[in-house]
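Enquirer: Okay, here's the structure, questions in a sec.
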Amino acid sequence: MRTQNYKKTKISLGILLVFLISSILYDFVGPEDYRTMINQLYDENGKVIENPPYPPSKEYPLGTDRDGRDNLLLIIDGLKYTFAAVLVVSFMRVVIGSLLGMIVETWMPACKSMFKAFFLPFHYVPLLLIGVLLMDPVIFLYNEIPIIVKIEFQLIVLFLLGFPTVFFFTTDFVNEIKSKSYVMSSYLLGGSKLHIIMKQILPHLKPQLVIMFVQQVLQTLQILMGLAMFTLFLGGPHKEKIYNTPYNKSITNELAGLTGQNFWTLKNAPWVAFSSLGMLLIIFILVNVIKNELVANIEGKMEQYSVFSKNKLEMNTETVKRDISPGKFNPIEQKVLDQ
């Protein structure tokens, strides 16, 4: 695949990389503490002018949340946790799912029915509902489970939600490739299964896995947003009082958690929820641009290859027809009679 065909992908990846680097460097070069709250505003006479959340201004471009915290700084701080969770889960799904799919389809095809039976509920029950049922007993407010254990448990659940898709796609793809004539010829010539996987299946599977990885990134983001509506934030929720009013907040400040905790402010202070939601939409758009360009280039390459093969076949057919035309073709019997 030519490098110049991926201009949009490079630009989108560059923007996402800038977001990630900015979030990582925030802990070192950013303001001392984004948790600094802005109290009520008073006039000269000591009367309250306004209470948080404050609307966008020059000092706070995205406004503040209900605690009076800067929304922009909260988003920058939470970006790294969002990227880390999504990339780790998507990478685990693609690597483990594809490897296990190739192993099962090549060496243990009889076990495929067992996997189908085990993951059958994933085809009929919404993934978000399964995630809520699995996470709710662990990710609740008052328990003594460490935050790191909660995050690990959530990552495992998120991995299981997308694993069947990658696994069954890989098994079906490998099964299709195994039916090709060149693969069957390799089997007949004594090629080992490992050799066939490395030399004949993986070259065709790699581009599909890249697209699958991007799709899993989108799916994981969607599930995180859905879980946040049930206050199942990454790392769990915690409560802090604002003027004697407690509410659930995300510990890690990841984008889905910020959107979920501020969802109920859409009527009174829409900028609070739309700040993190807008950043999520930007990430969705950039990842979709990457996915569409990858799909278009891979399909274009396959179409070009098929057209090339078709043209080559037509040229060979024309050559054969030209070589055996009536003017040049002499049967053996006629040659013998002429002699």
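Residue names in the structure tokens use chain letters A, B, ... in the order shown, residue numbers from 1 in each chain, and ligand numbers from 1 in the order shown.
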Write out as a Markdown table the residues of range 173-212 of chain A that have any atom within 12 Å of an atom of range 77-90 of chain A, one row each with the nearest atom pair and its distance in Å to one decimal, counting only C-alpha atoms, sorted by chain and then rising number.

Expert:
| residue | atom | partner | partner_atom | distance |
| --- | --- | --- | --- | --- |
| A:Leu209 | CA | A:Ser90 | CA | 10.9 |
| A:Val210 | CA | A:Ser90 | CA | 10.7 |
| A:Ile211 | CA | A:Ser90 | CA | 11.3 |
| A:Met212 | CA | A:Ser90 | CA | 8.9 |

Enquirer: For Asn262 in chain A, work out the shell of residues within 9 Å, counting only C-alpha atoms and skipping chain neighbours fewer than 5 positions away, then give it as number ranges by chain.

Expert: A: 65-66, 249, 257, 270, 272-274

Enquirer: Hey, what's within 12 Å of Val104 in chain A if we count only C-alpha atoms and toss same-chain stuff fewer than 3 positions away? As a PyMOL selection string, please?

Expert: chain A and resi 96-101+107-115+167-168+170-172+174-175+193

Enquirer: Which is closest to Ser181 in chain A among A:Gln200, A:Gly236, A:Glu299, A:Arg93, if we use only C-alpha atoms?

Expert: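 Of A:Gln200, A:Gly236, A:Glu299, A:Arg93, the one nearest Ser181 in chain A, counting only C-alpha atoms, is A:Gln200.
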
Enquirer: What parts of range 91-277 of chain A does DSSP call helix (DSSP H, G or I)? I'd like the answer as a ChimeraX atom specification.

Expert: /A:91-107,109-118,121-124,127-135,147-178,181-188,193-229,255-261,263-265,270-277

Enquirer: Can you work out which one of A:Ile139, A:Ile24, A:Leu234, A:Ile283 has the shortest atom-to-atom distance to Gln261 in chain A, counting only C-alpha atoms?

Expert: A:Leu234

Enquirer: Do you have the CA of Phe122 in chain A-CA of Val94 in chain A distance handy?

Expert: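 According to the coordinates, CA of Phe122 in chain A and CA of Val94 in chain A are separated by 17.2 Å.
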
Enquirer: Mind checking which residues fall within 8 Å of Ser276 in chain A, counting only C-alpha atoms, ignoring those fewer than 6 positions away in the same chain, and posting them as a ChimeraX atom specification?

Expert: /A:71,75,255-256,258-259

Enquirer: So, with only C-alpha atoms as the atoms that count, which of A:Leu224, A:Met102, A:Leu160, A:Leu232 lies closest to Pro137 in chain A?

Expert: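 Checking each of A:Leu224, A:Met102, A:Leu160, A:Leu232 against Pro137 in chain A, counting only C-alpha atoms, the winner is A:Leu232.
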
Enquirer: Using only C-alpha atoms for the distances, tell me which of A:Asn51, A:Gln154, A:Ser23, A:Thr64 is nearest to Ile223 in chain A.

Expert: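 Between A:Asn51, A:Gln154, A:Ser23, A:Thr64, the residue approaching Ile223 in chain A most closely is A:Gln154.
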
Enquirer: Hey, what's within 10 Å of Gln208 in chain A if we count only C-alpha atoms and toss same-chain stuff fewer than 3 positions away? As a list in words, please?

Expert: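 Using only C-alpha atoms, the neighbours found are Phe169, Thr170, Phe173, Leu202, Pro203, His204, Leu205, Ile211, Met212, Phe213, Leu294, Val295 and Ile298 of chain A.
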
Enquirer: Go ahead and compute the interatomic distance for CA of Thr106 in chain A and CA of Met92 in chain A, in Å to one decimal.

Expert: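 Separating CA of Thr106 in chain A from CA of Met92 in chain A is a distance of 20.9 Å.
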
Enquirer: Could you give me the residues within range 167-252 of chain A that DSSP places in strand (DSSP E), as a compact mmCIF listing (two decimals) with N, CA and C atoms, in the first residue's frame?

Expert:
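So the final result, stored in result16.txt, reads:
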# COMPACT_ATOMS: atom_id res chain seq x y z
N PRO A 237 -16.84 5.47 41.00
CA PRO A 237 -17.23 6.83 41.37
C PRO A 237 -16.88 7.15 42.81
N HIS A 238 -16.91 8.43 43.13
CA HIS A 238 -16.76 8.86 44.51
C HIS A 238 -17.65 10.08 44.71
N LYS A 239 -17.97 10.39 45.96
CA LYS A 239 -18.87 11.50 46.26
C LYS A 239 -18.12 12.61 47.00
N GLU A 240 -18.38 13.81 46.52
CA GLU A 240 -17.90 14.99 47.23
C GLU A 240 -19.05 15.99 47.31
N LYS A 241 -19.08 16.72 48.37
CA LYS A 241 -20.19 17.65 48.56
C LYS A 241 -19.91 18.99 47.91
N ILE A 242 -20.95 19.51 47.29
CA ILE A 242 -20.88 20.88 46.79
C ILE A 242 -22.01 21.64 47.49
N THR A 245 -24.42 19.33 48.83
CA THR A 245 -25.14 18.51 47.85
C THR A 245 -24.17 17.50 47.25
N PRO A 246 -24.23 16.21 47.64
CA PRO A 246 -23.30 15.22 47.09
C PRO A 246 -23.74 14.73 45.70
N TYR A 247 -22.79 14.34 44.90
CA TYR A 247 -23.09 13.70 43.61
C TYR A 247 -21.90 12.84 43.19
N ASN A 248 -22.17 11.85 42.35
CA ASN A 248 -21.15 10.89 41.93
C ASN A 248 -20.21 11.53 40.92
N LYS A 249 -18.91 11.33 41.13
CA LYS A 249 -17.90 11.88 40.23
C LYS A 249 -16.87 10.81 39.90
N SER A 250 -16.27 10.95 38.71
CA SER A 250 -15.25 10.00 38.26
C SER A 250 -13.94 10.26 38.98

Enquirer: For Pro164 in chain A, which residue out of A:Val125, A:Ile151, A:Ile197, A:Leu120 is the nearest one, using only C-alpha atoms?

Expert: A:Leu120

Enquirer: Distance CA of Thr220 in chain A-CA of Tyr124 in chain A, one decimal place?

Expert: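 For CA of Thr220 in chain A relative to CA of Tyr124 in chain A, the distance reads 18.5 Å.
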